[in-house]
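One structure is given here, and the rest of the page talks about it.
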Amino acid sequence: MALPEETADFPEDRTPAGPASGADRPHRVVVLALDGVIPFELGIPQRIFTSARTPRTRHLYEVVTCSIRPPGPVRTDADFAILVEHGPEALATADTVVVPASYELGPVYEEGLLTDDLRAALALIRPGTRLVSICTGGYVLAAAGFLDGRPATTHWSSSDHFQRLFPRVEVDADVLFIDDGDVLTSAGVAAGLDLCLHVVRRDHGTAVANEVARRTVVPPHRDGGQAQYIHRPVPEPQVATTRSARAWALGRLDRPLQLRDMAEQESMSVRTFTRRFREEVGISPGQWLTQQRVERARHLLESSDLSVDQVARDAGFGTAQSMRQHLQAALGVTPTGYRRTFRDVSA
């Protein structure tokens with residue numbers, strides 16, 4: 001997302017959300033490696049969470065990989081296995097459990113049923129532990145009942161099957177990830193990066209998450225959802241896109257913006273622009289503008305001394321009441337509450 005570069009100081013020792021977290025130790029993330037695990041997805045939590053540090057280089061997370069069997073080799077979907085040094089007992093020590101995708105889920109994928117050893121391993125997870133799935137790792141959480149009555153997502157190519165297998169789950173195949181408080185699910189493969197960065201941002205604020213993104217050489221945010229990755233016919237060469245309109249709008253978030261103004265930047269009709277925007281970004285122009293304004297407000301609340309009224313004006317919400325409503329809807333917190341949580345007041 002082409003937002004202004006973050007300049008806020010990093011928080012010193014902010015403790016992430018989750019059970020059993022304390023300032024005396026890092027938040028413990030346990031990654032469950034199942035046979036058939038995809039190595040790329042298995043490595044995402046390790047890379048993202050271990051890169052999150054305070055300015056004094058204190059690690060904010062500890063990442064441990066475990067198996068549902070005693071320590072030993074675990075098959076991957078590649079031509080190599082991995083040696084996992086922790087058994088299922090590590091799950092009982094987790095503040096957050098991450099389940100990456102696997103191509104050998106067997107009855108979990110075929111019937112929505114847990115195997116005995118997987119059920120026994122998941123039973124070790126303490127109540128209140130934060131649960132995260134990447135891609136089809138959501139099948140494991142759903143089969144265990146953790147997603148019943150909750151919104152969730154998975155890889156777009158599996159979403160219809162996922163919904164049929166788990167009708168009690170509210171599947172949304174259009175998003176990159178879903179944060180439902182203590183249970184978070186992501187779409188396919190690289191969306192695990194988006195979700196893990198979101199977790200860091202939720203726990204420690206935008207500045208820390210942005211620094212992790214810089215170190216990992218990935219964008220802190222990606223616009224849109226899975227819709228932009230679903231196969232469609234390739235457009236004709238030299239067909240105009242909405243990229244220029246988005247860049248134009250980002251430079252004017254503090255002003256009233258009309259759909260027709262954005263369409264004019266691309267010399268399109270409003271109807272054509274709206275259709276093209278949805279195809280490229282995955283959401284409507286209005287939804288996208290609201291997302292950008294929420295992110296601008298978060299940045300200003302964290303990194304400036306501006307009053308809530310001024311932040312609302314600079315982010316384009318106009319009034320503090322309007323911004324409060326949008327932050328409540330998007331983040332579940334008021335502007336004052338967000339600033340209190342994510343700003344290092346002592347800095």
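Identifiers in the structure tokens: chain A, B, ... in order shown; residue index from 1 per chain; ligand index from 1 in order shown.
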With a cut-off of 7 Å, could you pull out the residues of range 114-206 of chain A touching range 26-45 of chain A and give me the nearest pair of atoms for each, distance in Å to one decimal, using only C-alpha atoms, ordered by chain and ascending number, as CSV?
residue,atom,partner,partner_atom,distance
A:Val189,CA,A:Glu41,CA,6.1
A:Gly192,CA,A:Ile44,CA,6.8
A:Leu193,CA,A:Ile44,CA,6.3
A:Cys196,CA,A:Pro45,CA,6.6
Residues of the last selection are to be written out with C-alpha atoms, as a PDB file, in the first residue's frame.
ATOM      1  CA  VAL A 189       0.420 -19.583   0.393  1.00  0.00           C
ATOM      2  CA  GLY A 192       0.383 -16.290   5.234  1.00  0.00           C
ATOM      3  CA  LEU A 193       2.881 -13.431   5.043  1.00  0.00           C
ATOM      4  CA  CYS A 196       1.646 -12.973  10.137  1.00  0.00           C
TER       5      CYS A 196
END
Name the residues in contact with Val218 in chain A at a cut-off of 10 Å, using only C-alpha atoms, excluding same-chain residues fewer than 6 positions from it; report them as an MDAnalysis selection string.
-> chainID A and resid 193:194 197 210 212
Please dump the current selection as a compact mmCIF listing (two decimals), in the first residue's frame; keep N, CA and C atoms.
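Written output follows (again_39.txt):
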# COMPACT_ATOMS: atom_id res chain seq x y z
N LEU A 193 2.05 -14.59 4.73
CA LEU A 193 2.88 -13.43 5.04
C LEU A 193 2.02 -12.26 5.49
N ASP A 194 0.94 -12.01 4.75
CA ASP A 194 0.04 -10.92 5.12
C ASP A 194 -0.53 -11.13 6.51
N LEU A 197 2.22 -10.75 9.30
CA LEU A 197 2.53 -9.33 9.48
C LEU A 197 1.39 -8.62 10.20
N ASN A 210 6.08 -2.79 9.97
CA ASN A 210 6.70 -2.25 8.76
C ASN A 210 8.19 -2.56 8.70
N VAL A 212 9.62 -5.21 10.02
CA VAL A 212 9.69 -6.63 9.66
C VAL A 212 9.49 -6.79 8.16
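Considering only C-alpha atoms, the residue among A:Val294, A:Ala143, A:Leu306, A:Leu253 positioned nearest to Gln325 in chain A is A:Val294.
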Could you pull out all residues of range 102-167 of chain A with a DSSP call of alpha helix (DSSP H) and give them as a VMD selection string?
-> chain A and resid 107 to 111 116 to 122 138 to 143 159 to 165
Could those residues be written to a file, using C-alpha atoms, as a PDB file, in the first residue's frame?
ATOM      1  CA  PRO A 107      -9.462 -37.759   6.464  1.00  0.00           C
ATOM      2  CA  VAL A 108      -9.241 -34.136   7.581  1.00  0.00           C
ATOM      3  CA  TYR A 109      -9.462 -32.989   3.955  1.00  0.00           C
ATOM      4  CA  GLU A 110     -11.636 -35.806   2.658  1.00  0.00           C
ATOM      5  CA  GLU A 111     -14.188 -36.141   5.465  1.00  0.00           C
ATOM      6  CA  ASP A 116      -6.547 -39.900  16.621  1.00  0.00           C
ATOM      7  CA  ASP A 117      -2.984 -38.601  16.940  1.00  0.00           C
ATOM      8  CA  LEU A 118      -3.918 -35.178  15.584  1.00  0.00           C
ATOM      9  CA  ARG A 119      -6.911 -34.963  17.921  1.00  0.00           C
ATOM     10  CA  ALA A 120      -4.723 -35.887  20.886  1.00  0.00           C
ATOM     11  CA  ALA A 121      -2.140 -33.278  19.917  1.00  0.00           C
ATOM     12  CA  LEU A 122      -4.698 -30.485  19.508  1.00  0.00           C
ATOM     13  CA  GLY A 138      -7.697 -24.071   8.149  1.00  0.00           C
ATOM     14  CA  TYR A 139      -9.066 -27.570   7.492  1.00  0.00           C
ATOM     15  CA  VAL A 140      -7.362 -28.715  10.689  1.00  0.00           C
ATOM     16  CA  LEU A 141      -8.900 -25.911  12.767  1.00  0.00           C
ATOM     17  CA  ALA A 142     -12.311 -26.524  11.197  1.00  0.00           C
ATOM     18  CA  ALA A 143     -12.196 -30.288  11.757  1.00  0.00           C
ATOM     19  CA  SER A 159     -13.129 -22.540  -0.682  1.00  0.00           C
ATOM     20  CA  ASP A 160     -16.169 -24.298  -2.174  1.00  0.00           C
ATOM     21  CA  HIS A 161     -14.981 -27.691  -0.935  1.00  0.00           C
ATOM     22  CA  PHE A 162     -14.160 -26.191   2.462  1.00  0.00           C
ATOM     23  CA  GLN A 163     -17.672 -24.739   2.776  1.00  0.00           C
ATOM     24  CA  ARG A 164     -19.365 -28.019   1.797  1.00  0.00           C
ATOM     25  CA  LEU A 165     -17.241 -29.981   4.251  1.00  0.00           C
TER      26      LEU A 165
END
Near Thr241 in chain A, counting only C-alpha atoms, which residues have an atom at most 12 Å away, once you skip same-chain residues fewer than 2 positions from it, shown as a list in words?
->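 Here the qualifying residues turn out to be Pro235, Glu236, Pro237, Gln238, Val239, Arg243, Ser244, Ala245, Arg246, Ala247, Met262, Ala263, Gln265, Glu266, Ser267, Met268, Thr272, Phe273, Thr274, Arg275, Arg276, Phe277, Arg278, Glu279, Glu280 and Val281 of chain A.
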Residue set, range 71-300 of chain A restricted to strand (DSSP E or B), as a ChimeraX atom specification | /A:72-76,81-84,96-99,102,130-133,151-152,170-171,177-179,183-186
Restrict the selected residues to N, CA and C atoms and save them as a PDB file, in the first residue's frame.
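Ended up saving to result.pdb:
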ATOM      1  N   GLY A  72      11.540 -36.040  15.309  1.00  0.00           N
ATOM      2  CA  GLY A  72      12.028 -36.856  14.208  1.00  0.00           C
ATOM      3  C   GLY A  72      11.682 -36.224  12.879  1.00  0.00           C
ATOM      4  N   PRO A  73      11.880 -36.966  11.785  1.00  0.00           N
ATOM      5  CA  PRO A  73      11.627 -36.404  10.453  1.00  0.00           C
ATOM      6  C   PRO A  73      10.134 -36.250  10.166  1.00  0.00           C
ATOM      7  N   VAL A  74       9.796 -35.214   9.421  1.00  0.00           N
ATOM      8  CA  VAL A  74       8.437 -34.974   8.942  1.00  0.00           C
ATOM      9  C   VAL A  74       8.517 -34.797   7.431  1.00  0.00           C
ATOM     10  N   ARG A  75       7.676 -35.510   6.711  1.00  0.00           N
ATOM     11  CA  ARG A  75       7.667 -35.384   5.248  1.00  0.00           C
ATOM     12  C   ARG A  75       7.142 -34.013   4.828  1.00  0.00           C
ATOM     13  N   THR A  76       7.662 -33.511   3.729  1.00  0.00           N
ATOM     14  CA  THR A  76       7.140 -32.289   3.129  1.00  0.00           C
ATOM     15  C   THR A  76       6.593 -32.637   1.750  1.00  0.00           C
ATOM     16  N   ALA A  81      12.751 -34.106   3.537  1.00  0.00           N
ATOM     17  CA  ALA A  81      12.030 -34.091   4.808  1.00  0.00           C
ATOM     18  C   ALA A  81      12.688 -33.052   5.710  1.00  0.00           C
ATOM     19  N   ILE A  82      12.016 -32.720   6.809  1.00  0.00           N
ATOM     20  CA  ILE A  82      12.600 -31.813   7.790  1.00  0.00           C
ATOM     21  C   ILE A  82      12.701 -32.543   9.121  1.00  0.00           C
ATOM     22  N   LEU A  83      13.717 -32.201   9.891  1.00  0.00           N
ATOM     23  CA  LEU A  83      13.908 -32.814  11.200  1.00  0.00           C
ATOM     24  C   LEU A  83      13.290 -31.890  12.246  1.00  0.00           C
ATOM     25  N   VAL A  84      12.229 -32.340  12.876  1.00  0.00           N
ATOM     26  CA  VAL A  84      11.527 -31.545  13.884  1.00  0.00           C
ATOM     27  C   VAL A  84      11.970 -32.020  15.263  1.00  0.00           C
ATOM     28  N   THR A  96       0.570 -18.763  20.898  1.00  0.00           N
ATOM     29  CA  THR A  96      -0.072 -18.788  19.584  1.00  0.00           C
ATOM     30  C   THR A  96       0.327 -20.081  18.895  1.00  0.00           C
ATOM     31  N   VAL A  97      -0.639 -20.761  18.286  1.00  0.00           N
ATOM     32  CA  VAL A  97      -0.374 -21.964  17.492  1.00  0.00           C
ATOM     33  C   VAL A  97      -0.653 -21.632  16.032  1.00  0.00           C
ATOM     34  N   VAL A  98       0.295 -21.980  15.150  1.00  0.00           N
ATOM     35  CA  VAL A  98       0.134 -21.762  13.714  1.00  0.00           C
ATOM     36  C   VAL A  98       0.105 -23.117  13.017  1.00  0.00           C
ATOM     37  N   VAL A  99      -0.896 -23.309  12.140  1.00  0.00           N
ATOM     38  CA  VAL A  99      -1.019 -24.554  11.378  1.00  0.00           C
ATOM     39  C   VAL A  99      -0.858 -24.232   9.892  1.00  0.00           C
ATOM     40  N   SER A 102      -0.876 -28.506   4.439  1.00  0.00           N
ATOM     41  CA  SER A 102      -0.257 -29.800   4.174  1.00  0.00           C
ATOM     42  C   SER A 102      -1.010 -30.471   3.042  1.00  0.00           C
ATOM     43  N   ARG A 130      -4.135 -18.351  21.120  1.00  0.00           N
ATOM     44  CA  ARG A 130      -4.483 -17.812  19.799  1.00  0.00           C
ATOM     45  C   ARG A 130      -4.164 -18.857  18.729  1.00  0.00           C
ATOM     46  N   LEU A 131      -5.089 -19.043  17.788  1.00  0.00           N
ATOM     47  CA  LEU A 131      -4.949 -20.049  16.741  1.00  0.00           C
ATOM     48  C   LEU A 131      -4.870 -19.362  15.385  1.00  0.00           C
ATOM     49  N   VAL A 132      -3.906 -19.806  14.575  1.00  0.00           N
ATOM     50  CA  VAL A 132      -3.682 -19.212  13.258  1.00  0.00           C
ATOM     51  C   VAL A 132      -3.519 -20.343  12.247  1.00  0.00           C
ATOM     52  N   SER A 133      -4.170 -20.221  11.098  1.00  0.00           N
ATOM     53  CA  SER A 133      -3.958 -21.190  10.026  1.00  0.00           C
ATOM     54  C   SER A 133      -3.512 -20.471   8.767  1.00  0.00           C
ATOM     55  N   PRO A 151     -16.246 -16.611  11.013  1.00  0.00           N
ATOM     56  CA  PRO A 151     -15.795 -16.350   9.644  1.00  0.00           C
ATOM     57  C   PRO A 151     -14.388 -16.905   9.464  1.00  0.00           C
ATOM     58  N   ALA A 152     -14.099 -17.408   8.277  1.00  0.00           N
ATOM     59  CA  ALA A 152     -12.781 -17.978   7.998  1.00  0.00           C
ATOM     60  C   ALA A 152     -12.539 -17.944   6.501  1.00  0.00           C
ATOM     61  N   GLU A 170     -18.346 -19.823   8.362  1.00  0.00           N
ATOM     62  CA  GLU A 170     -18.737 -18.745   7.447  1.00  0.00           C
ATOM     63  C   GLU A 170     -17.547 -18.427   6.542  1.00  0.00           C
ATOM     64  N   VAL A 171     -17.480 -19.077   5.389  1.00  0.00           N
ATOM     65  CA  VAL A 171     -16.316 -18.980   4.515  1.00  0.00           C
ATOM     66  C   VAL A 171     -16.386 -17.720   3.651  1.00  0.00           C
ATOM     67  N   PHE A 177      -6.953 -12.580   4.445  1.00  0.00           N
ATOM     68  CA  PHE A 177      -6.983 -13.206   5.762  1.00  0.00           C
ATOM     69  C   PHE A 177      -8.163 -12.665   6.543  1.00  0.00           C
ATOM     70  N   ILE A 178      -8.508 -13.375   7.607  1.00  0.00           N
ATOM     71  CA  ILE A 178      -9.589 -12.956   8.501  1.00  0.00           C
ATOM     72  C   ILE A 178      -9.079 -13.008   9.933  1.00  0.00           C
ATOM     73  N   ASP A 179      -9.277 -11.913  10.635  1.00  0.00           N
ATOM     74  CA  ASP A 179      -8.941 -11.811  12.051  1.00  0.00           C
ATOM     75  C   ASP A 179     -10.240 -11.863  12.833  1.00  0.00           C
ATOM     76  N   VAL A 183      -8.877 -16.382  16.810  1.00  0.00           N
ATOM     77  CA  VAL A 183      -8.720 -17.334  15.711  1.00  0.00           C
ATOM     78  C   VAL A 183      -8.555 -16.543  14.417  1.00  0.00           C
ATOM     79  N   LEU A 184      -7.447 -16.787  13.707  1.00  0.00           N
ATOM     80  CA  LEU A 184      -7.155 -16.070  12.473  1.00  0.00           C
ATOM     81  C   LEU A 184      -6.845 -17.067  11.366  1.00  0.00           C
ATOM     82  N   THR A 185      -7.357 -16.821  10.178  1.00  0.00           N
ATOM     83  CA  THR A 185      -7.139 -17.723   9.047  1.00  0.00           C
ATOM     84  C   THR A 185      -6.675 -16.914   7.843  1.00  0.00           C
ATOM     85  N   SER A 186      -5.846 -17.539   7.004  1.00  0.00           N
ATOM     86  CA  SER A 186      -5.369 -16.832   5.815  1.00  0.00           C
ATOM     87  C   SER A 186      -5.723 -17.602   4.562  1.00  0.00           C
TER      88      SER A 186
END
Shell around Arg313 in chain A at 9 Å using only C-alpha atoms, local window under 4 positions removed, as a ChimeraX atom specification = /A:254-255,308-309,317-320,323
Separation of CA of Pro256 in chain A from CA of Leu327 in chain A, in Å and rounded to one decimal =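 About the pair CA of Pro256 in chain A and CA of Leu327 in chain A: they are 18.4 Å apart.
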